[in-house]
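Here's data36.cif, which has mmCIF, C-alpha atoms and all ligand atoms:
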data_query
#
loop_
_atom_site.label_atom_id
_atom_site.label_comp_id
_atom_site.auth_asym_id
_atom_site.auth_seq_id
_atom_site.Cartn_x
_atom_site.Cartn_y
_atom_site.Cartn_z
CA MET A 1 23.62 18.98 -11.81
CA LYS A 2 20.56 19.62 -13.98
CA LEU A 3 18.22 19.81 -10.95
CA LYS A 4 20.32 22.21 -8.87
CA GLY A 5 18.05 24.65 -7.06
CA ARG A 6 15.00 22.39 -7.43
CA THR A 7 13.20 20.64 -4.58
CA ALA A 8 11.64 17.19 -4.90
CA LEU A 9 9.09 15.62 -2.56
CA ILE A 10 9.19 11.84 -3.02
CA THR A 11 6.76 9.47 -1.31
CA GLY A 12 7.87 6.00 -0.24
CA ALA A 13 11.47 7.17 -0.65
CA SER A 14 12.92 5.23 2.30
CA ASN A 15 13.09 2.01 0.29
CA GLY A 16 13.05 0.42 -3.12
CA ILE A 17 12.20 2.36 -6.27
CA GLY A 18 11.41 5.58 -4.39
CA ASN A 19 14.82 5.51 -2.73
CA ALA A 20 16.59 4.88 -6.04
CA ILE A 21 14.75 7.86 -7.55
CA ALA A 22 15.63 10.00 -4.50
CA ARG A 23 19.33 9.09 -4.80
CA ARG A 24 19.33 9.96 -8.50
CA LEU A 25 17.52 13.30 -8.12
CA ALA A 26 19.91 14.18 -5.27
CA ALA A 27 22.86 13.30 -7.55
CA ASP A 28 21.28 15.69 -10.09
CA GLY A 29 21.43 18.41 -7.41
CA ALA A 30 17.83 18.50 -6.13
CA ASN A 31 17.01 18.98 -2.46
CA ILE A 32 14.82 16.13 -1.26
CA ALA A 33 11.89 15.63 1.11
CA VAL A 34 11.57 11.92 1.90
CA VAL A 35 7.93 11.18 2.81
CA ASP A 36 7.36 7.71 4.20
CA LEU A 37 5.61 5.75 6.93
CA VAL A 38 8.98 4.46 8.15
CA ASP A 39 12.68 5.40 8.16
CA ALA A 40 12.15 8.81 6.53
CA GLU A 41 14.72 10.58 8.73
CA SER A 42 17.45 7.96 8.25
CA ALA A 43 16.92 7.91 4.47
CA ALA A 44 17.12 11.72 4.41
CA ALA A 45 20.34 11.64 6.46
CA GLU A 46 21.89 9.28 3.87
CA LEU A 47 20.83 11.56 0.99
CA ALA A 48 22.26 14.62 2.73
CA LYS A 49 25.71 12.99 2.58
CA SER A 50 25.70 13.71 -1.17
CA GLY A 51 25.73 17.45 -0.37
CA VAL A 52 22.07 18.35 -0.97
CA ARG A 53 19.55 19.40 1.68
CA ALA A 54 17.26 16.55 2.66
CA ILE A 55 14.51 16.20 5.25
CA GLY A 56 12.57 13.16 6.40
CA ILE A 57 8.83 13.47 6.97
CA ARG A 58 6.87 10.66 8.51
CA ALA A 59 3.46 10.65 6.86
CA ASP A 60 0.74 8.38 5.51
CA VAL A 61 -0.06 9.36 1.93
CA SER A 62 -3.70 8.36 2.39
CA SER A 63 -4.17 11.00 5.11
CA GLU A 64 -5.34 14.47 4.11
CA THR A 65 -3.81 15.96 7.25
CA ASP A 66 -0.45 14.22 6.82
CA THR A 67 -0.07 15.09 3.14
CA ALA A 68 -0.97 18.76 3.64
CA ALA A 69 1.49 18.97 6.55
CA ALA A 70 4.22 17.20 4.55
CA VAL A 71 3.99 19.69 1.69
CA GLU A 72 3.92 22.64 4.10
CA ARG A 73 7.06 21.34 5.84
CA CYS A 74 8.80 20.84 2.51
CA VAL A 75 7.98 24.41 1.47
CA ALA A 76 8.92 25.88 4.87
CA GLU A 77 12.21 23.99 5.28
CA LEU A 78 13.41 23.51 1.70
CA GLY A 79 11.94 26.66 0.15
CA GLY A 80 9.37 25.18 -2.21
CA VAL A 81 8.26 22.09 -4.10
CA ASP A 82 9.11 21.81 -7.80
CA ILE A 83 8.94 18.05 -8.25
CA LEU A 84 6.45 15.57 -6.76
CA VAL A 85 7.03 11.83 -7.13
CA ASN A 86 3.96 9.80 -6.14
CA ASN A 87 5.71 6.48 -5.54
CA ALA A 88 4.37 5.09 -2.23
CA ALA A 89 1.83 2.35 -2.75
CA MET A 90 0.29 -0.76 -1.27
CA THR A 91 0.61 -4.16 -2.87
CA ALA A 92 -1.13 -7.37 -1.83
CA PRO A 93 -0.63 -11.13 -2.06
CA PRO A 94 -2.23 -12.75 -5.13
CA ARG A 95 -5.78 -14.08 -4.75
CA PRO A 96 -8.86 -14.52 -6.94
CA PHE A 97 -10.92 -11.36 -7.11
CA GLU A 98 -13.93 -12.96 -5.38
CA GLU A 99 -11.75 -13.42 -2.28
CA ILE A 100 -10.44 -9.86 -1.97
CA PRO A 101 -12.25 -8.24 0.98
CA ILE A 102 -13.93 -4.95 0.18
CA ALA A 103 -12.05 -3.36 3.05
CA ASP A 104 -8.79 -4.25 1.22
CA TRP A 105 -10.13 -2.65 -1.97
CA ARG A 106 -10.90 0.55 -0.05
CA ARG A 107 -7.47 0.64 1.59
CA MET A 108 -5.76 0.01 -1.76
CA LEU A 109 -7.61 2.86 -3.46
CA GLU A 110 -7.09 5.20 -0.48
CA THR A 111 -3.33 4.69 -0.67
CA ASN A 112 -2.66 4.21 -4.40
CA ILE A 113 -4.99 6.74 -5.99
CA ILE A 114 -6.51 9.03 -3.36
CA GLY A 115 -3.01 9.46 -1.87
CA PRO A 116 -1.51 10.85 -5.11
CA ASN A 117 -4.59 13.06 -5.48
CA LEU A 118 -4.11 14.52 -1.99
CA LEU A 119 -0.46 15.28 -2.74
CA CYS A 120 -1.27 16.86 -6.11
CA ARG A 121 -3.86 19.07 -4.40
CA ALA A 122 -1.37 20.09 -1.74
CA VAL A 123 1.42 21.00 -4.21
CA SER A 124 -0.93 22.66 -6.70
CA PRO A 125 -0.98 26.22 -5.27
CA HIS A 126 2.82 26.26 -4.99
CA MET A 127 3.45 24.94 -8.51
CA ARG A 128 0.75 27.07 -10.14
CA LYS A 129 2.08 30.21 -8.44
CA LYS A 130 5.60 29.47 -9.67
CA LYS A 131 4.29 28.40 -13.12
CA TYR A 132 6.53 25.36 -12.88
CA GLY A 133 6.17 21.79 -11.71
CA ARG A 134 6.96 18.20 -12.53
CA ILE A 135 4.68 15.45 -11.22
CA ILE A 136 5.72 11.84 -11.68
CA ASN A 137 3.30 9.04 -10.79
CA VAL A 138 4.68 5.53 -10.35
CA ALA A 139 2.16 3.15 -11.94
CA SER A 140 2.85 -0.44 -13.07
CA ASP A 141 3.10 -2.49 -16.27
CA THR A 142 0.51 -4.87 -14.77
CA VAL A 143 -2.08 -2.46 -16.22
CA HIS A 144 -0.87 -3.10 -19.79
CA LEU A 145 -0.37 -6.83 -19.19
CA GLY A 146 -3.71 -7.38 -17.45
CA VAL A 147 -2.03 -9.35 -14.68
CA PRO A 148 -4.63 -11.47 -12.82
CA TYR A 149 -5.13 -12.15 -9.09
CA MET A 150 -4.40 -8.64 -7.87
CA LEU A 151 -7.44 -6.87 -9.23
CA HIS A 152 -7.54 -4.06 -6.67
CA TYR A 153 -3.84 -3.27 -7.19
CA VAL A 154 -4.00 -3.37 -11.01
CA SER A 155 -7.18 -1.28 -10.97
CA SER A 156 -5.55 1.31 -8.71
CA LYS A 157 -2.57 1.61 -11.09
CA GLY A 158 -4.88 1.83 -14.11
CA ALA A 159 -6.67 4.66 -12.36
CA LEU A 160 -3.33 6.36 -11.75
CA ILE A 161 -2.55 6.29 -15.49
CA ALA A 162 -5.98 7.81 -16.28
CA PHE A 163 -5.42 10.36 -13.49
CA THR A 164 -2.05 11.28 -15.07
CA ARG A 165 -3.65 12.01 -18.44
CA ALA A 166 -6.61 14.02 -17.20
CA LEU A 167 -4.59 15.99 -14.64
CA ALA A 168 -1.99 16.85 -17.30
CA ARG A 169 -4.73 18.77 -19.15
CA GLU A 170 -5.78 20.71 -16.02
CA PHE A 171 -2.19 21.70 -15.24
CA GLY A 172 -0.85 22.28 -18.78
CA LYS A 173 -1.44 26.03 -18.88
CA ASP A 174 0.56 26.53 -15.67
CA GLY A 175 3.82 24.84 -16.64
CA VAL A 176 3.12 21.78 -14.52
CA ASN A 177 3.79 18.54 -16.42
CA VAL A 178 2.32 15.26 -15.21
CA ASN A 179 3.73 11.94 -16.40
CA ALA A 180 3.85 8.36 -15.18
CA ILE A 181 6.38 5.55 -15.10
CA ALA A 182 5.21 1.94 -15.34
CA PRO A 183 7.87 -0.41 -13.92
CA GLY A 184 7.86 -4.14 -14.44
CA PHE A 185 8.48 -6.69 -11.68
CA THR A 186 11.37 -5.03 -9.84
CA LEU A 187 13.61 -6.69 -7.30
CA SER A 188 13.34 -4.05 -4.58
CA ASP A 189 14.72 -5.05 -1.17
CA ARG A 190 11.23 -5.99 -0.03
CA LEU A 191 10.99 -8.63 -2.77
CA ALA A 192 14.69 -9.61 -2.88
CA ASN A 193 14.40 -10.46 0.84
CA GLN A 194 11.71 -13.07 0.16
CA PRO A 195 13.50 -15.22 -2.50
CA GLU A 196 11.36 -18.32 -1.97
CA ARG A 197 8.08 -16.41 -2.16
CA VAL A 198 8.95 -14.64 -5.40
CA ALA A 199 10.98 -17.41 -7.14
CA GLY A 200 8.14 -18.75 -9.31
CA PHE A 201 6.85 -15.36 -10.36
CA ARG A 202 10.38 -14.09 -10.99
CA LYS A 203 11.22 -16.99 -13.33
CA ALA A 204 7.96 -16.70 -15.27
CA ASN A 205 8.51 -12.95 -15.60
CA LEU A 206 12.11 -13.32 -16.80
CA ASN A 207 11.00 -15.64 -19.60
CA GLN A 208 8.90 -12.81 -21.09
CA LEU A 209 11.52 -10.07 -21.09
CA ALA A 210 13.39 -8.86 -24.17
CA ILE A 211 16.26 -7.88 -21.85
CA GLN A 212 16.92 -11.10 -19.93
CA ARG A 213 17.76 -9.97 -16.42
CA ASP A 214 16.01 -8.89 -13.24
CA GLU A 215 14.79 -5.30 -13.08
CA ILE A 216 16.28 -3.38 -10.15
CA PRO A 217 15.19 -0.07 -8.57
CA ASP A 218 18.06 1.83 -10.21
CA ASP A 219 16.56 0.94 -13.62
CA LEU A 220 13.80 3.49 -12.87
CA ALA A 221 16.13 6.31 -11.83
CA GLY A 222 17.15 7.60 -15.26
CA ILE A 223 13.63 8.07 -16.58
CA ALA A 224 12.60 9.79 -13.33
CA SER A 225 15.56 12.14 -13.70
CA PHE A 226 14.43 13.03 -17.23
CA LEU A 227 10.77 13.51 -16.27
CA ALA A 228 11.82 15.71 -13.32
CA SER A 229 13.91 17.98 -15.51
CA GLU A 230 13.43 20.83 -17.97
CA ASP A 231 14.24 18.36 -20.77
CA CYS A 232 10.65 17.13 -20.64
CA ALA A 233 9.23 20.64 -21.12
CA PHE A 234 6.89 19.58 -23.95
CA MET A 235 5.91 16.16 -22.68
CA THR A 236 2.91 15.58 -20.44
CA GLY A 237 0.16 13.02 -19.82
CA GLN A 238 2.44 10.15 -20.85
CA THR A 239 3.17 6.79 -19.27
CA ILE A 240 6.65 5.38 -19.88
CA VAL A 241 6.93 1.61 -19.50
CA VAL A 242 10.31 0.52 -18.11
CA ASP A 243 10.13 -3.26 -17.85
CA GLY A 244 12.87 -4.81 -19.98
CA GLY A 245 10.53 -5.06 -22.95
CA TYR A 246 7.71 -7.19 -21.53
CA ALA A 247 4.74 -4.92 -22.26
CA MET A 248 5.49 -3.23 -25.60
CA VAL A 249 2.72 -0.62 -25.79
N1 LIG B 301 8.62 -3.68 -7.07
C1 LIG B 301 7.86 -3.97 -8.12
O1 LIG B 301 7.90 -5.09 -8.67
C2 LIG B 301 6.95 -2.94 -8.72
C3 LIG B 301 6.44 -3.16 -10.00
C4 LIG B 301 5.60 -2.20 -10.59
C5 LIG B 301 5.29 -1.04 -9.88
N2 LIG B 301 5.80 -0.86 -8.64
C6 LIG B 301 5.43 0.37 -7.95
O2 LIG B 301 6.62 1.07 -7.59
C7 LIG B 301 6.41 1.77 -6.36
C8 LIG B 301 7.47 1.39 -5.35
O3 LIG B 301 7.47 -0.01 -5.19
P1 LIG B 301 8.64 -0.74 -4.36
O4 LIG B 301 8.60 -2.16 -4.79
O5 LIG B 301 9.88 0.04 -4.45
O6 LIG B 301 8.00 -0.67 -2.90
P2 LIG B 301 8.69 -0.88 -1.46
O7 LIG B 301 7.71 -1.68 -0.68
O8 LIG B 301 10.08 -1.38 -1.60
O9 LIG B 301 8.72 0.59 -0.91
C9 LIG B 301 7.52 1.31 -0.75
C10 LIG B 301 7.75 2.40 0.26
O10 LIG B 301 6.51 3.11 0.39
C11 LIG B 301 6.23 3.28 1.77
N3 LIG B 301 4.78 3.37 1.95
C12 LIG B 301 3.87 2.37 1.78
N4 LIG B 301 2.64 2.81 2.09
C13 LIG B 301 2.78 4.12 2.43
C14 LIG B 301 1.87 5.12 2.86
N5 LIG B 301 0.55 4.86 3.01
N6 LIG B 301 2.35 6.35 3.14
C15 LIG B 301 3.66 6.62 3.03
N7 LIG B 301 4.59 5.71 2.64
C16 LIG B 301 4.14 4.48 2.34
C17 LIG B 301 6.84 2.07 2.46
O11 LIG B 301 7.08 2.31 3.83
C18 LIG B 301 8.11 1.86 1.64
O12 LIG B 301 9.21 2.60 2.16
C19 LIG B 301 4.98 1.44 -5.94
O13 LIG B 301 4.11 2.42 -6.43
C20 LIG B 301 4.71 0.11 -6.63
O14 LIG B 301 3.35 -0.13 -6.84
C21 LIG B 301 6.63 -1.78 -8.05
#
Translate the structure of the given file into C-alpha cells.
Ligand SMILES: NC(=O)c1ccc[n+]([C@@H]2O[C@H](COP(=O)([O-])OP(=O)(O)OC[C@H]3O[C@@H](n4cnc5c(N)ncnc54)[C@H](O)[C@@H]3O)[C@@H](O)[C@H]2O)c1
Amino acid sequence: MKLKGRTALITGASNGIGNAIARRLAADGANIAVVDLVDAESAAAELAKSGVRAIGIRADVSSETDTAAAVERCVAELGGVDILVNNAAMTAPPRPFEEIPIADWRRMLETNIIGPNLLCRAVSPHMRKKKYGRIINVASDTVHLGVPYMLHYVSSKGALIAFTRALAREFGKDGVNVNAIAPGFTLSDRLANQPERVAGFRKANLNQLAIQRDEIPDDLAGIASFLASEDCAFMTGQTIVVDGGYAMV
C-alpha cells in the first residue's frame, strides 16, 4: 500500500491504459478521480470496490473550464491531488500528411498537448503548496520510431515528451516530479474490438518486438505505480519506453 493517503487524478481512466493505471494505483492504496468524457462514474464505482475512495468526473481535457472544475472537485471531495496522470488522448486513422485536415491537427493538439498543460496548471498551486507531486504524461513510442501516416498524433506526443522535460525543470524546486511513459502498440479494448482493422499493423509490430507478444494495458501499470510513488524521488524529466523492446532508446 505504498500510495496510501495519496490522491491520483487520472484522465481517460474509464478505458484502456488509463483504467489499468487507475486499478494499479488503487491497489497501491491511492484514492482516485477518474476524469473522462464517458463512463467516469461507472469506472469510479468499480475502483471503489477495492476499498479506496473514487469519484468519476465527466470532463473534456481540452476545456479550460472542465479541467479547472475537475481538479477543484478532486481537491474538495478527495482532499487534494498528489498524482496527475495525463493519459487521455486522441488518435486518428492513418493517412498521408498532405491529407490531414488542419482542423484535425488543431483538435489533436488541443487534446493531446494543451489538455495536459491545462491540467498541470490546475494542479500546480495544490502541489506547490504541499511541496509534493507526481505528474505522469502518457506519450508514445511512435515518437522514437518516427511512425509515418499519423503526423499530427506523433507530433503531439513528441511535444508531450519535450513538455515533460521542460516542465520538470520548472517544478523541480517544489518537489513535483514530471515523467513520461511511452507505450508501444497496446491492445486496449478499443483496438482489441476491431481485430480486422488492426490485424496487419499488429502482425508487423509483433515482428519487431524483442518480447514476442501483444502489449496489454496492464503492462503499463507497474511503471506508473513506480513513477507515482516516493521511490522516484530523484527522477524527473524522463521518458520510459515500455514497448516490448521495439524502440531501444
Ligand atoms: N493503445 C495504444 O496502442 C497506445 C500506444 C501508445 C500510446 N498510447 C497512449 O496511451 C493513452 C491511452 O490510450 P488507450 O489506447 O488506452 O486509449 P483508449 O481509447 O482505450 O482510452 C482513452 C480514454 O480517454 C478518453 N478520452 C479521449 N478524449 C478525451 C478527452 N478529450 N477528455 C477526456 N477523456 C478523453 C476516452 O473516452 C477513453 O476512455 C493515450 O494517451 C494514447 O495516445 C496508446
When you look at stretch 55-71 of chain A with a cut-off of 8 Å (counting all atoms listed in the file), what residues show up, excluding the ones that are within fewer than 6 positions of it in the same chain? I need them as a ChimeraX atom specification.
/A:9,11,32-45,81,88,110-111,114-116,118-119,122-123
Kindly work out which residues sit at most 8 Å from ligand LIG 301 (chain B), using only C-alpha atoms and all ligand atoms, and give the list as a ChimeraX atom specification.
/A:11-19,35-39,58-62,86-91,111-112,115,137-142,153,157,182-191,217
Go ahead and fit an axis-aligned box to every listed atom of stretch 151-167 of chain A plus 5 Å each side, and pass me the centre and edge lengths in Å, one decimal, as AutoDock Vina command-line options.
--center_x -4.8 --center_y 4.6 --center_z -12.6 --size_x 15.5 --size_y 32.9 --size_z 21.8
Near-A:Ile223 list (9 Å; only C-alpha atoms; drop same-chain fewer than 6 positions) as a ChimeraX atom specification
/A:181,240,242
Limited to C-alpha atoms, could you put the picked residues into a file as a short mmCIF file (atom, residue, chain, number, x, y, z; two decimals), keeping the file's coordinate frame?
data_model
loop_
_atom_site.label_atom_id
_atom_site.label_comp_id
_atom_site.auth_asym_id
_atom_site.auth_seq_id
_atom_site.Cartn_x
_atom_site.Cartn_y
_atom_site.Cartn_z
CA ILE A 181 6.38 5.55 -15.10
CA ILE A 240 6.65 5.38 -19.88
CA VAL A 242 10.31 0.52 -18.11
#
Which residue out of A:Ala204, A:Arg24, A:Gly5, A:Glu72 has the minimum interatomic distance to A:Arg53 when all atoms listed in the file are used?
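For A:Arg53, the nearest of the given residues is A:Gly5.
A straight line drawn from atom CA of A:Lys129 to atom CA of A:Ala168 is 16.5 Å long.
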Could you check how far atom CA of A:Glu215 sits from atom CA of A:Ala228, in Å to one decimal?
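Calculated distance between atom CA of A:Glu215 and atom CA of A:Ala228 is 21.2 Å.
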